[in-house]
Amino acid sequence: MSSPNKTCGRLATALLATVAWAAGAADALPGPTAKAVPDLALDAYAEPGQRVDIGKGRHLNLRCSGQGEPTVLLDAGVAADSLSWAKAQPLIAERNRVCAYDRAGVGYSDPGPLPRDLDADVADLHALIEAADLDTPLILIGHSYGSQVVRRFDERYPKQVAALVLVDPPVQNVAEFSPGYAQREAEIAPKMLAMYRSCEQGARDGRLTATPPAELKSCLRGPNPNYSERLNAAILAWRSKPAFWAGLISASEQRGALYDGPVPKSERHDGKPVIVLSADRPYPGASPKDQQSLIAAREQTHTALIGTTRLGKRVIIENSSHDIPVDQPSAPAIAVFEAMQMRQRAKTGKD
């Protein structure tokens, strides 16, 4: 029989693998290196940017930089804050005004009412854009789960969107290509949620510290040598709050509704560019059989997304994992420029 610690470790590995392709990674920059020197410029993320009042006593954290139209807004993956865009945002800011934000309960943003589903996140984003008086229409860039947010936002508020850049959108409808994989994932899901609930309770009890007890070590990663002590402490502080875990639990409970089926045939983004960035190394930890199924499902998903508009384009990003904004941060910036060019050609009838 496996020991509890080994079982927990396997579950944690499965959880991280699932989150990586289905939700979005929580850390922005490369993992620890042998001789890492903290980048003190990142200490800007150790404190809020602009906490925008979106009403009902709630604030969302917003970080804007650069000049130029149209304004670009960056939406990260599940459990990830604006630090996810630390490498990509400055490159976009060379040509455009660009803003990244923290969703409810993440980073320096206040928690929101439960459930934290897609509709709640879209409503928050709309409130943020209005309250911050961002110039519209915007180019919306969504990474992983963030691609779901920006897609739904465009369906709800099409006049506020100039273009969509979808950064490695999670696969949908995996069961069509591998019923066994989908079944295994369904079996793991309750165990993942149980782990999250243990983390939430640990946060409520004040046990999620820099040295948590053994049963809670899977809840938090250790300090990242690429970050200063100040930034590591700030990350630990917000990930140790019950609201962070409550939001993650709620989002995980909604996952099936987003990913179990294919891209809806009714989804349309006509009249505006939709650029899909696909990583060339999306599932490095999966078995060859699972990789084959996942890649087939991803082909269907990404192809369907560019088919939601006559101005669709897909770009394979070389030497990149699912974390394209980290591995190839210039890719989103290039996509913004391409979206602007596509939009201009469409306006002049040259497309």
# chains A, B, ... in the order shown; residues from 1 in each chain; ligands from 1
>>> residues_around(residues="stretch 200-204 of chain A", least_positions_apart="5", cutoff="9 Å", atoms="only C-alpha atoms", output="compact mmCIF listing (two decimals) with N, CA and C atoms, in the first residue's frame")
# COMPACT_ATOMS: atom_id res chain seq x y z
N MET A 195 -8.09 18.34 -2.01
CA MET A 195 -6.82 18.97 -1.66
C MET A 195 -6.99 20.48 -1.53
N THR A 209 1.91 28.84 6.02
CA THR A 209 3.02 29.74 6.26
C THR A 209 4.20 29.32 5.39
N PRO A 212 4.77 25.27 6.12
CA PRO A 212 3.50 24.64 6.47
C PRO A 212 3.71 23.21 6.95
N LEU A 216 0.10 19.97 4.35
CA LEU A 216 -0.28 21.15 3.56
C LEU A 216 0.84 21.63 2.64
N ARG A 239 -1.53 34.04 -1.44
CA ARG A 239 -1.91 32.64 -1.65
C ARG A 239 -2.24 31.92 -0.35
N SER A 240 -1.98 32.56 0.76
CA SER A 240 -2.29 31.99 2.07
C SER A 240 -3.64 32.45 2.59
N LYS A 241 -4.37 33.22 1.79
CA LYS A 241 -5.67 33.72 2.23
C LYS A 241 -6.78 32.75 1.85
N PRO A 242 -7.76 32.54 2.72
CA PRO A 242 -8.87 31.64 2.39
C PRO A 242 -9.59 32.04 1.11
N ALA A 243 -9.70 33.34 0.83
CA ALA A 243 -10.43 33.79 -0.35
C ALA A 243 -9.80 33.27 -1.64
N PHE A 244 -8.48 33.18 -1.68
CA PHE A 244 -7.81 32.65 -2.86
C PHE A 244 -8.24 31.21 -3.12
N TRP A 245 -8.24 30.40 -2.07
CA TRP A 245 -8.60 28.99 -2.21
C TRP A 245 -10.09 28.81 -2.46
N ALA A 246 -10.91 29.64 -1.85
CA ALA A 246 -12.36 29.55 -2.10
C ALA A 246 -12.66 29.84 -3.57
N ILE A 249 -11.45 26.85 -5.69
CA ILE A 249 -12.41 25.73 -5.56
C ILE A 249 -13.63 25.98 -6.43
>>> residues_around(residues="A:Asp280", least_positions_apart="4", cutoff="12 Å", atoms="only C-alpha atoms", output="ChimeraX atom specification")
/A:168,284,291,295,298-299,315-324,327-328
>>> closest_residue(among="A:Pro282, A:Phe177, A:Ala251, A:Asn61", to="A:Leu114", atoms="only C-alpha atoms")
A:Ala251
>>> residues_around(residues="stretch 157-161 of chain A", least_positions_apart="6", cutoff="10 Å", atoms="only C-alpha atoms", output="PDB file with C-alpha atoms, in the first residue's frame")
ATOM      1  CA  PRO A  70      -5.718  50.590 -29.174  1.00  0.00           C
ATOM      2  CA  VAL A  72      -4.456  46.123 -24.787  1.00  0.00           C
ATOM      3  CA  VAL A 122     -16.760  38.641 -17.230  1.00  0.00           C
ATOM      4  CA  HIS A 126     -16.650  44.840 -17.597  1.00  0.00           C
ATOM      5  CA  ILE A 129     -13.005  48.581 -17.785  1.00  0.00           C
ATOM      6  CA  LEU A 134     -10.111  52.372 -20.320  1.00  0.00           C
ATOM      7  CA  ASP A 135     -10.363  53.436 -23.946  1.00  0.00           C
ATOM      8  CA  THR A 136     -12.382  51.001 -26.013  1.00  0.00           C
ATOM      9  CA  PRO A 137     -12.463  49.061 -28.237  1.00  0.00           C
ATOM     10  CA  LEU A 138      -9.681  47.029 -26.631  1.00  0.00           C
ATOM     11  CA  ILE A 139      -7.451  44.265 -27.867  1.00  0.00           C
ATOM     12  CA  LEU A 140      -8.059  41.501 -25.336  1.00  0.00           C
ATOM     13  CA  VAL A 150     -12.118  37.279 -23.217  1.00  0.00           C
ATOM     14  CA  ARG A 151     -14.152  35.104 -25.595  1.00  0.00           C
ATOM     15  CA  HIS A 269     -16.460  36.912 -33.356  1.00  0.00           C
ATOM     16  CA  ASP A 270     -17.190  38.154 -36.870  1.00  0.00           C
ATOM     17  CA  GLY A 271     -15.689  41.396 -38.056  1.00  0.00           C
ATOM     18  CA  LYS A 272     -12.621  41.332 -35.814  1.00  0.00           C
ATOM     19  CA  PRO A 273      -9.292  39.495 -35.766  1.00  0.00           C
TER      20      PRO A 273
END
>>> select_by_dssp(residues="stretch 265-337 of chain A", states="helix (DSSP H, G or I)", output="VMD selection string")
chain A and resid 288 to 306 324 to 327 330 to 337
>>> write_last_selection(atoms="C-alpha atoms", output="mmCIF file, in the first residue's frame")
data_model
loop_
_atom_site.group_PDB
_atom_site.id
_atom_site.type_symbol
_atom_site.label_atom_id
_atom_site.label_comp_id
_atom_site.auth_asym_id
_atom_site.auth_seq_id
_atom_site.Cartn_x
_atom_site.Cartn_y
_atom_site.Cartn_z
ATOM 1 C CA PRO A 288 2.741 9.322 -25.909
ATOM 2 C CA LYS A 289 -0.800 7.934 -26.106
ATOM 3 C CA ASP A 290 -2.270 10.770 -24.052
ATOM 4 C CA GLN A 291 -0.250 13.335 -25.996
ATOM 5 C CA GLN A 292 -1.745 12.029 -29.230
ATOM 6 C CA SER A 293 -5.290 12.413 -27.868
ATOM 7 C CA LEU A 294 -4.655 15.809 -26.297
ATOM 8 C CA ILE A 295 -3.031 17.202 -29.428
ATOM 9 C CA ALA A 296 -5.927 15.952 -31.566
ATOM 10 C CA ALA A 297 -8.397 17.619 -29.216
ATOM 11 C CA ARG A 298 -6.334 20.781 -29.246
ATOM 12 C CA GLU A 299 -6.282 20.835 -33.053
ATOM 13 C CA GLN A 300 -10.052 20.666 -33.050
ATOM 14 C CA THR A 301 -10.317 23.395 -30.393
ATOM 15 C CA HIS A 302 -7.860 25.860 -31.900
ATOM 16 C CA THR A 303 -9.121 25.328 -35.440
ATOM 17 C CA ALA A 304 -12.693 25.909 -34.298
ATOM 18 C CA LEU A 305 -11.681 29.139 -32.552
ATOM 19 C CA ILE A 306 -10.117 30.702 -35.634
ATOM 20 C CA ILE A 324 3.914 31.174 -23.857
ATOM 21 C CA PRO A 325 4.015 34.587 -22.060
ATOM 22 C CA VAL A 326 7.029 33.284 -20.123
ATOM 23 C CA ASP A 327 8.781 31.121 -22.703
ATOM 24 C CA SER A 330 7.508 38.517 -27.684
ATOM 25 C CA ALA A 331 4.772 36.318 -29.186
ATOM 26 C CA PRO A 332 1.830 38.240 -27.635
ATOM 27 C CA ALA A 333 3.419 41.552 -28.647
ATOM 28 C CA ILE A 334 3.812 40.382 -32.254
ATOM 29 C CA ALA A 335 0.228 39.132 -32.209
ATOM 30 C CA VAL A 336 -0.999 42.572 -31.115
ATOM 31 C CA PHE A 337 0.805 44.164 -34.071
#
>>> residues_around(residues="A:Pro111", least_positions_apart="3", cutoff="12 Å", atoms="only C-alpha atoms", output="ChimeraX atom specification")
/A:54,56-61,102-108,114-116,120-121,124,238,241-248,250
>>> write_last_selection(atoms="C-alpha atoms", output="PDB file, in the first residue's frame")
ATOM      1  CA  ILE A  54     -15.628  48.522  -9.166  1.00  0.00           C
ATOM      2  CA  LYS A  56     -20.144  47.330  -3.833  1.00  0.00           C
ATOM      3  CA  GLY A  57     -17.033  47.858  -1.742  1.00  0.00           C
ATOM      4  CA  ARG A  58     -14.771  45.819  -4.035  1.00  0.00           C
ATOM      5  CA  HIS A  59     -11.496  46.732  -5.735  1.00  0.00           C
ATOM      6  CA  LEU A  60      -9.555  45.013  -8.521  1.00  0.00           C
ATOM      7  CA  ASN A  61      -5.833  45.535  -9.001  1.00  0.00           C
ATOM      8  CA  ASP A 102      -5.726  40.469 -10.979  1.00  0.00           C
ATOM      9  CA  ARG A 103      -9.036  38.614 -10.933  1.00  0.00           C
ATOM     10  CA  ALA A 104     -11.136  38.488  -7.766  1.00  0.00           C
ATOM     11  CA  GLY A 105      -9.355  36.889  -4.817  1.00  0.00           C
ATOM     12  CA  VAL A 106      -6.010  36.778  -6.636  1.00  0.00           C
ATOM     13  CA  GLY A 107      -3.011  39.042  -6.087  1.00  0.00           C
ATOM     14  CA  TYR A 108      -4.140  42.396  -4.734  1.00  0.00           C
ATOM     15  CA  LEU A 114     -19.355  32.973  -5.072  1.00  0.00           C
ATOM     16  CA  PRO A 115     -19.612  31.159  -7.359  1.00  0.00           C
ATOM     17  CA  ARG A 116     -16.561  32.388  -9.222  1.00  0.00           C
ATOM     18  CA  ALA A 120     -18.776  36.425 -12.635  1.00  0.00           C
ATOM     19  CA  ASP A 121     -15.324  37.015 -14.108  1.00  0.00           C
ATOM     20  CA  ASP A 124     -15.930  41.941 -13.057  1.00  0.00           C
ATOM     21  CA  TRP A 238      -2.092  36.352  -0.935  1.00  0.00           C
ATOM     22  CA  LYS A 241      -5.671  33.717   2.228  1.00  0.00           C
ATOM     23  CA  PRO A 242      -8.873  31.641   2.390  1.00  0.00           C
ATOM     24  CA  ALA A 243     -10.434  33.792  -0.351  1.00  0.00           C
ATOM     25  CA  PHE A 244      -7.810  32.650  -2.857  1.00  0.00           C
ATOM     26  CA  TRP A 245      -8.600  28.993  -2.211  1.00  0.00           C
ATOM     27  CA  ALA A 246     -12.356  29.554  -2.101  1.00  0.00           C
ATOM     28  CA  GLY A 247     -12.165  31.154  -5.536  1.00  0.00           C
ATOM     29  CA  LEU A 248      -9.997  28.348  -6.904  1.00  0.00           C
ATOM     30  CA  SER A 250     -15.356  27.513  -7.106  1.00  0.00           C
TER      31      SER A 250
END
>>> residues_around(residues="A:Ala175", least_positions_apart="5", cutoff="9 Å", atoms="only C-alpha atoms", output="list of chain:residue names")
A:Gly180, A:Tyr181, A:Ala182, A:Gln183, A:Asp260, A:Gly261, A:Ala297
>>> residues_around(residues="A:Gln67", least_positions_apart="5", cutoff="7 Å", atoms="only C-alpha atoms", output="list in words")
Ala93, Arg95, Asn96 and Arg97 of chain A
>>> select_by_dssp(residues="stretch 7-239 of chain A", states="strand (DSSP E)", output="short mmCIF file (atom, residue, chain, number, x, y, z; two decimals) with all heavy atoms, in the first residue's frame")
data_model
loop_
_atom_site.label_atom_id
_atom_site.label_comp_id
_atom_site.auth_asym_id
_atom_site.auth_seq_id
_atom_site.Cartn_x
_atom_site.Cartn_y
_atom_site.Cartn_z
N GLN A 50 -2.77 49.81 -9.28
CA GLN A 50 -3.89 50.72 -9.01
C GLN A 50 -5.10 49.87 -8.63
O GLN A 50 -5.60 49.08 -9.43
CB GLN A 50 -4.23 51.56 -10.24
CG GLN A 50 -5.45 52.45 -10.07
CD GLN A 50 -5.92 53.08 -11.37
OE1 GLN A 50 -5.34 52.82 -12.43
NE2 GLN A 50 -6.96 53.88 -11.29
N ARG A 51 -5.53 50.01 -7.40
CA ARG A 51 -6.72 49.26 -6.96
C ARG A 51 -7.96 50.06 -7.34
O ARG A 51 -8.25 51.11 -6.77
CB ARG A 51 -6.66 49.00 -5.45
CG ARG A 51 -5.78 47.78 -5.13
CD ARG A 51 -5.60 47.50 -3.65
NE ARG A 51 -6.79 47.69 -2.86
CZ ARG A 51 -7.73 46.75 -2.64
NH1 ARG A 51 -7.61 45.55 -3.20
NH2 ARG A 51 -8.77 47.00 -1.87
N VAL A 52 -8.67 49.54 -8.34
CA VAL A 52 -9.79 50.26 -8.93
C VAL A 52 -11.09 49.86 -8.23
O VAL A 52 -11.39 48.66 -8.10
CB VAL A 52 -9.89 49.96 -10.44
CG1 VAL A 52 -11.08 50.70 -11.05
CG2 VAL A 52 -8.59 50.35 -11.14
N ASP A 53 -11.85 50.85 -7.81
CA ASP A 53 -13.13 50.61 -7.16
C ASP A 53 -14.16 50.23 -8.22
O ASP A 53 -14.52 51.03 -9.09
CB ASP A 53 -13.57 51.89 -6.44
CG ASP A 53 -14.85 51.71 -5.62
OD1 ASP A 53 -15.56 50.71 -5.82
OD2 ASP A 53 -15.14 52.59 -4.79
N ILE A 54 -14.65 48.98 -8.17
CA ILE A 54 -15.63 48.52 -9.17
C ILE A 54 -17.04 48.49 -8.57
O ILE A 54 -17.97 47.97 -9.20
CB ILE A 54 -15.27 47.14 -9.74
CG1 ILE A 54 -15.27 46.06 -8.65
CG2 ILE A 54 -13.92 47.19 -10.45
CD1 ILE A 54 -15.20 44.64 -9.20
N GLY A 55 -17.19 49.05 -7.40
CA GLY A 55 -18.51 49.11 -6.77
C GLY A 55 -18.74 48.04 -5.73
O GLY A 55 -18.01 47.04 -5.65
N ARG A 58 -15.82 46.69 -3.52
CA ARG A 58 -14.77 45.82 -4.04
C ARG A 58 -13.81 46.58 -4.93
O ARG A 58 -14.19 47.53 -5.62
CB ARG A 58 -15.38 44.66 -4.83
CG ARG A 58 -16.24 43.71 -4.01
CD ARG A 58 -16.86 42.67 -4.90
NE ARG A 58 -15.83 41.94 -5.63
CZ ARG A 58 -15.95 41.53 -6.89
NH1 ARG A 58 -17.06 41.80 -7.58
NH2 ARG A 58 -14.98 40.87 -7.48
N HIS A 59 -12.54 46.14 -4.91
CA HIS A 59 -11.50 46.73 -5.73
C HIS A 59 -10.76 45.62 -6.49
O HIS A 59 -10.51 44.55 -5.94
CB HIS A 59 -10.48 47.50 -4.88
CG HIS A 59 -11.06 48.68 -4.18
ND1 HIS A 59 -11.88 48.57 -3.07
CD2 HIS A 59 -10.95 50.02 -4.44
CE1 HIS A 59 -12.24 49.77 -2.66
NE2 HIS A 59 -11.70 50.67 -3.47
N LEU A 60 -10.40 45.91 -7.74
CA LEU A 60 -9.55 45.01 -8.52
C LEU A 60 -8.25 45.72 -8.83
O LEU A 60 -8.23 46.92 -9.13
CB LEU A 60 -10.24 44.59 -9.82
CG LEU A 60 -11.52 43.76 -9.72
CD1 LEU A 60 -12.01 43.37 -11.12
CD2 LEU A 60 -11.31 42.52 -8.87
N ASN A 61 -7.16 44.96 -8.77
CA ASN A 61 -5.83 45.53 -9.00
C ASN A 61 -5.52 45.60 -10.49
O ASN A 61 -5.68 44.62 -11.22
CB ASN A 61 -4.78 44.68 -8.30
CG ASN A 61 -3.40 45.28 -8.39
OD1 ASN A 61 -3.22 46.47 -8.15
ND2 ASN A 61 -2.42 44.47 -8.75
N LEU A 62 -5.06 46.77 -10.95
CA LEU A 62 -4.79 47.02 -12.37
C LEU A 62 -3.38 47.60 -12.51
O LEU A 62 -2.97 48.47 -11.73
CB LEU A 62 -5.82 48.01 -12.92
CG LEU A 62 -5.78 48.33 -14.41
CD1 LEU A 62 -6.21 47.12 -15.24
CD2 LEU A 62 -6.69 49.53 -14.72
N ARG A 63 -2.65 47.13 -13.51
CA ARG A 63 -1.30 47.64 -13.79
C ARG A 63 -1.24 48.04 -15.26
O ARG A 63 -1.37 47.19 -16.14
CB ARG A 63 -0.25 46.58 -13.51
CG ARG A 63 -0.24 46.04 -12.10
CD ARG A 63 0.83 44.97 -11.93
NE ARG A 63 0.75 44.30 -10.66
CZ ARG A 63 1.29 44.76 -9.53
NH1 ARG A 63 1.98 45.89 -9.55
NH2 ARG A 63 1.18 44.09 -8.39
N CYS A 64 -1.03 49.32 -15.51
CA CYS A 64 -1.00 49.83 -16.89
C CYS A 64 0.36 50.46 -17.19
O CYS A 64 1.03 51.01 -16.30
CB CYS A 64 -2.10 50.87 -17.11
SG CYS A 64 -3.78 50.22 -16.96
N SER A 65 0.77 50.37 -18.45
CA SER A 65 2.03 50.97 -18.89
C SER A 65 1.93 51.25 -20.38
O SER A 65 1.06 50.74 -21.08
CB SER A 65 3.20 50.02 -18.60
OG SER A 65 3.00 48.75 -19.19
N VAL A 72 -4.48 47.58 -24.89
CA VAL A 72 -4.46 46.12 -24.79
C VAL A 72 -4.71 45.74 -23.34
O VAL A 72 -4.15 46.34 -22.42
CB VAL A 72 -3.10 45.56 -25.25
CG1 VAL A 72 -3.05 44.04 -25.10
CG2 VAL A 72 -2.79 45.98 -26.67
N LEU A 73 -5.56 44.75 -23.12
CA LEU A 73 -5.82 44.27 -21.76
C LEU A 73 -5.46 42.80 -21.67
O LEU A 73 -5.85 42.00 -22.53
CB LEU A 73 -7.28 44.49 -21.37
CG LEU A 73 -7.55 44.31 -19.87
CD1 LEU A 73 -8.55 45.33 -19.36
CD2 LEU A 73 -8.05 42.90 -19.57
N LEU A 74 -4.71 42.42 -20.63
CA LEU A 74 -4.16 41.08 -20.46
C LEU A 74 -4.92 40.32 -19.38
O LEU A 74 -5.09 40.82 -18.26
CB LEU A 74 -2.68 41.17 -20.09
CG LEU A 74 -1.81 42.03 -21.00
CD1 LEU A 74 -0.41 42.17 -20.41
CD2 LEU A 74 -1.74 41.43 -22.40
N ASP A 75 -5.34 39.10 -19.69
CA ASP A 75 -6.10 38.27 -18.76
C ASP A 75 -5.35 36.95 -18.58
O ASP A 75 -5.11 36.22 -19.54
CB ASP A 75 -7.51 38.02 -19.32
CG ASP A 75 -8.53 37.78 -18.23
OD1 ASP A 75 -8.26 36.96 -17.34
OD2 ASP A 75 -9.60 38.40 -18.26
N VAL A 98 -1.02 49.24 -22.37
CA VAL A 98 -1.35 47.86 -22.04
C VAL A 98 -1.58 47.73 -20.54
O VAL A 98 -0.83 48.31 -19.73
CB VAL A 98 -0.25 46.89 -22.52
CG1 VAL A 98 1.13 47.29 -21.98
CG2 VAL A 98 -0.58 45.45 -22.14
N CYS A 99 -2.61 47.01 -20.17
CA CYS A 99 -2.98 46.84 -18.76
C CYS A 99 -3.17 45.36 -18.45
O CYS A 99 -3.76 44.62 -19.24
CB CYS A 99 -4.28 47.57 -18.45
SG CYS A 99 -4.24 49.35 -18.77
N ALA A 100 -2.66 44.94 -17.30
CA ALA A 100 -2.92 43.60 -16.77
C ALA A 100 -3.64 43.77 -15.44
O ALA A 100 -3.48 44.78 -14.76
CB ALA A 100 -1.60 42.84 -16.57
N TYR A 101 -4.44 42.79 -15.08
CA TYR A 101 -5.19 42.91 -13.83
C TYR A 101 -5.20 41.58 -13.09
O TYR A 101 -4.87 40.53 -13.65
CB TYR A 101 -6.62 43.40 -14.11
CG TYR A 101 -7.58 42.35 -14.63
CD1 TYR A 101 -8.59 41.83 -13.81
CD2 TYR A 101 -7.50 41.89 -15.94
CE1 TYR A 101 -9.48 40.88 -14.30
CE2 TYR A 101 -8.38 40.95 -16.43
CZ TYR A 101 -9.38 40.44 -15.61
OH TYR A 101 -10.25 39.49 -16.08
N LEU A 138 -10.94 47.56 -27.12
CA LEU A 138 -9.68 47.03 -26.63
C LEU A 138 -9.25 45.81 -27.43
O LEU A 138 -10.08 45.08 -27.97
CB LEU A 138 -9.83 46.59 -25.17
CG LEU A 138 -10.24 47.62 -24.12
CD1 LEU A 138 -11.02 46.93 -23.02
CD2 LEU A 138 -9.00 48.29 -23.55
N ILE A 139 -7.96 45.58 -27.47
CA ILE A 139 -7.45 44.27 -27.87
C ILE A 139 -7.35 43.45 -26.59
O ILE A 139 -6.63 43.82 -25.65
CB ILE A 139 -6.09 44.35 -28.57
CG1 ILE A 139 -6.22 45.07 -29.91
CG2 ILE A 139 -5.50 42.95 -28.78
CD1 ILE A 139 -4.92 45.22 -30.68
N LEU A 140 -8.07 42.35 -26.52
CA LEU A 140 -8.06 41.50 -25.34
C LEU A 140 -7.16 40.29 -25.58
O LEU A 140 -7.32 39.60 -26.59
CB LEU A 140 -9.47 41.02 -25.01
CG LEU A 140 -10.51 42.10 -24.65
CD1 LEU A 140 -11.84 41.44 -24.31
CD2 LEU A 140 -10.03 42.95 -23.48
N ILE A 141 -6.24 40.06 -24.66
CA ILE A 141 -5.35 38.90 -24.74
C ILE A 141 -5.64 38.01 -23.54
O ILE A 141 -5.52 38.45 -22.39
CB ILE A 141 -3.87 39.30 -24.74
CG1 ILE A 141 -3.56 40.25 -25.90
CG2 ILE A 141 -2.98 38.07 -24.81
CD1 ILE A 141 -2.09 40.63 -26.01
N GLY A 142 -6.02 36.77 -23.78
CA GLY A 142 -6.30 35.85 -22.70
C GLY A 142 -5.43 34.62 -22.79
O GLY A 142 -5.37 33.96 -23.83
N HIS A 143 -4.75 34.32 -21.69
CA HIS A 143 -3.92 33.11 -21.63
C HIS A 143 -4.69 32.01 -20.91
O HIS A 143 -5.25 32.23 -19.84
CB HIS A 143 -2.61 33.39 -20.89
CG HIS A 143 -1.76 32.17 -20.69
ND1 HIS A 143 -1.18 31.85 -19.49
CD2 HIS A 143 -1.41 31.17 -21.56
CE1 HIS A 143 -0.49 30.72 -19.61
NE2 HIS A 143 -0.62 30.29 -20.85
N VAL A 161 -14.62 45.54 -27.99
CA VAL A 161 -13.49 44.68 -28.36
C VAL A 161 -13.08 44.93 -29.80
O VAL A 161 -13.90 44.87 -30.71
CB VAL A 161 -13.85 43.19 -28.16
CG1 VAL A 161 -12.66 42.31 -28.52
CG2 VAL A 161 -14.30 42.93 -26.73
N ALA A 162 -11.78 45.19 -30.00
CA ALA A 162 -11.23 45.39 -31.35
C ALA A 162 -10.68 44.10 -31.92
O ALA A 162 -10.74 43.88 -33.14
CB ALA A 162 -10.12 46.44 -31.30
N ALA A 163 -10.12 43.24 -31.07
CA ALA A 163 -9.51 42.00 -31.52
C ALA A 163 -9.29 41.09 -30.32
O ALA A 163 -9.23 41.56 -29.17
CB ALA A 163 -8.18 42.26 -32.24
N LEU A 164 -9.15 39.80 -30.59
CA LEU A 164 -8.85 38.82 -29.56
C LEU A 164 -7.55 38.11 -29.89
O LEU A 164 -7.33 37.70 -31.03
CB LEU A 164 -9.97 37.77 -29.46
CG LEU A 164 -11.36 38.23 -29.03
CD1 LEU A 164 -12.34 37.06 -29.12
CD2 LEU A 164 -11.34 38.80 -27.62
N VAL A 165 -6.70 37.96 -28.87
CA VAL A 165 -5.51 37.11 -28.98
C VAL A 165 -5.67 36.03 -27.92
O VAL A 165 -5.69 36.33 -26.72
CB VAL A 165 -4.21 37.90 -28.77
CG1 VAL A 165 -3.01 36.95 -28.84
CG2 VAL A 165 -4.08 39.00 -29.82
N LEU A 166 -5.79 34.79 -28.35
CA LEU A 166 -6.03 33.66 -27.44
C LEU A 166 -4.73 32.87 -27.32
O LEU A 166 -4.26 32.26 -28.29
CB LEU A 166 -7.15 32.79 -27.99
CG LEU A 166 -8.44 33.53 -28.38
CD1 LEU A 166 -9.48 32.56 -28.95
CD2 LEU A 166 -9.01 34.29 -27.18
N VAL A 167 -4.13 32.91 -26.13
CA VAL A 167 -2.81 32.33 -25.92
C VAL A 167 -2.95 30.91 -25.38
O VAL A 167 -3.33 30.70 -24.22
CB VAL A 167 -1.97 33.20 -24.97
CG1 VAL A 167 -0.56 32.62 -24.81
CG2 VAL A 167 -1.90 34.64 -25.48
#
>>> atom_distance(atom1="atom CA of A:Ala123", atom2="atom CA of A:Arg156")
9.5 Å
>>> atom_distance(atom1="atom CA of A:Glu155", atom2="atom CA of A:Val263")
13.4 Å
>>> closest_atom_pairs(of="stretch 211-328 of chain A", to="stretch 186-192 of chain A", cutoff="12 Å", atoms="only C-alpha atoms", output="tab-separated table")
residue	atom	partner	partner_atom	distance
A:Ser218	CA	A:Met192	CA	11.0
A:Cys219	CA	A:Met192	CA	11.0
A:Leu248	CA	A:Met192	CA	10.8
A:Ile249	CA	A:Met192	CA	9.2
A:Ser252	CA	A:Ala189	CA	8.4
A:Glu253	CA	A:Ala189	CA	8.9
A:Gln254	CA	A:Ala189	CA	11.4
A:Arg255	CA	A:Ala189	CA	9.8
A:Gly256	CA	A:Ala186	CA	9.1
A:Tyr259	CA	A:Ala186	CA	11.9
A:Asp260	CA	A:Ala186	CA	10.3
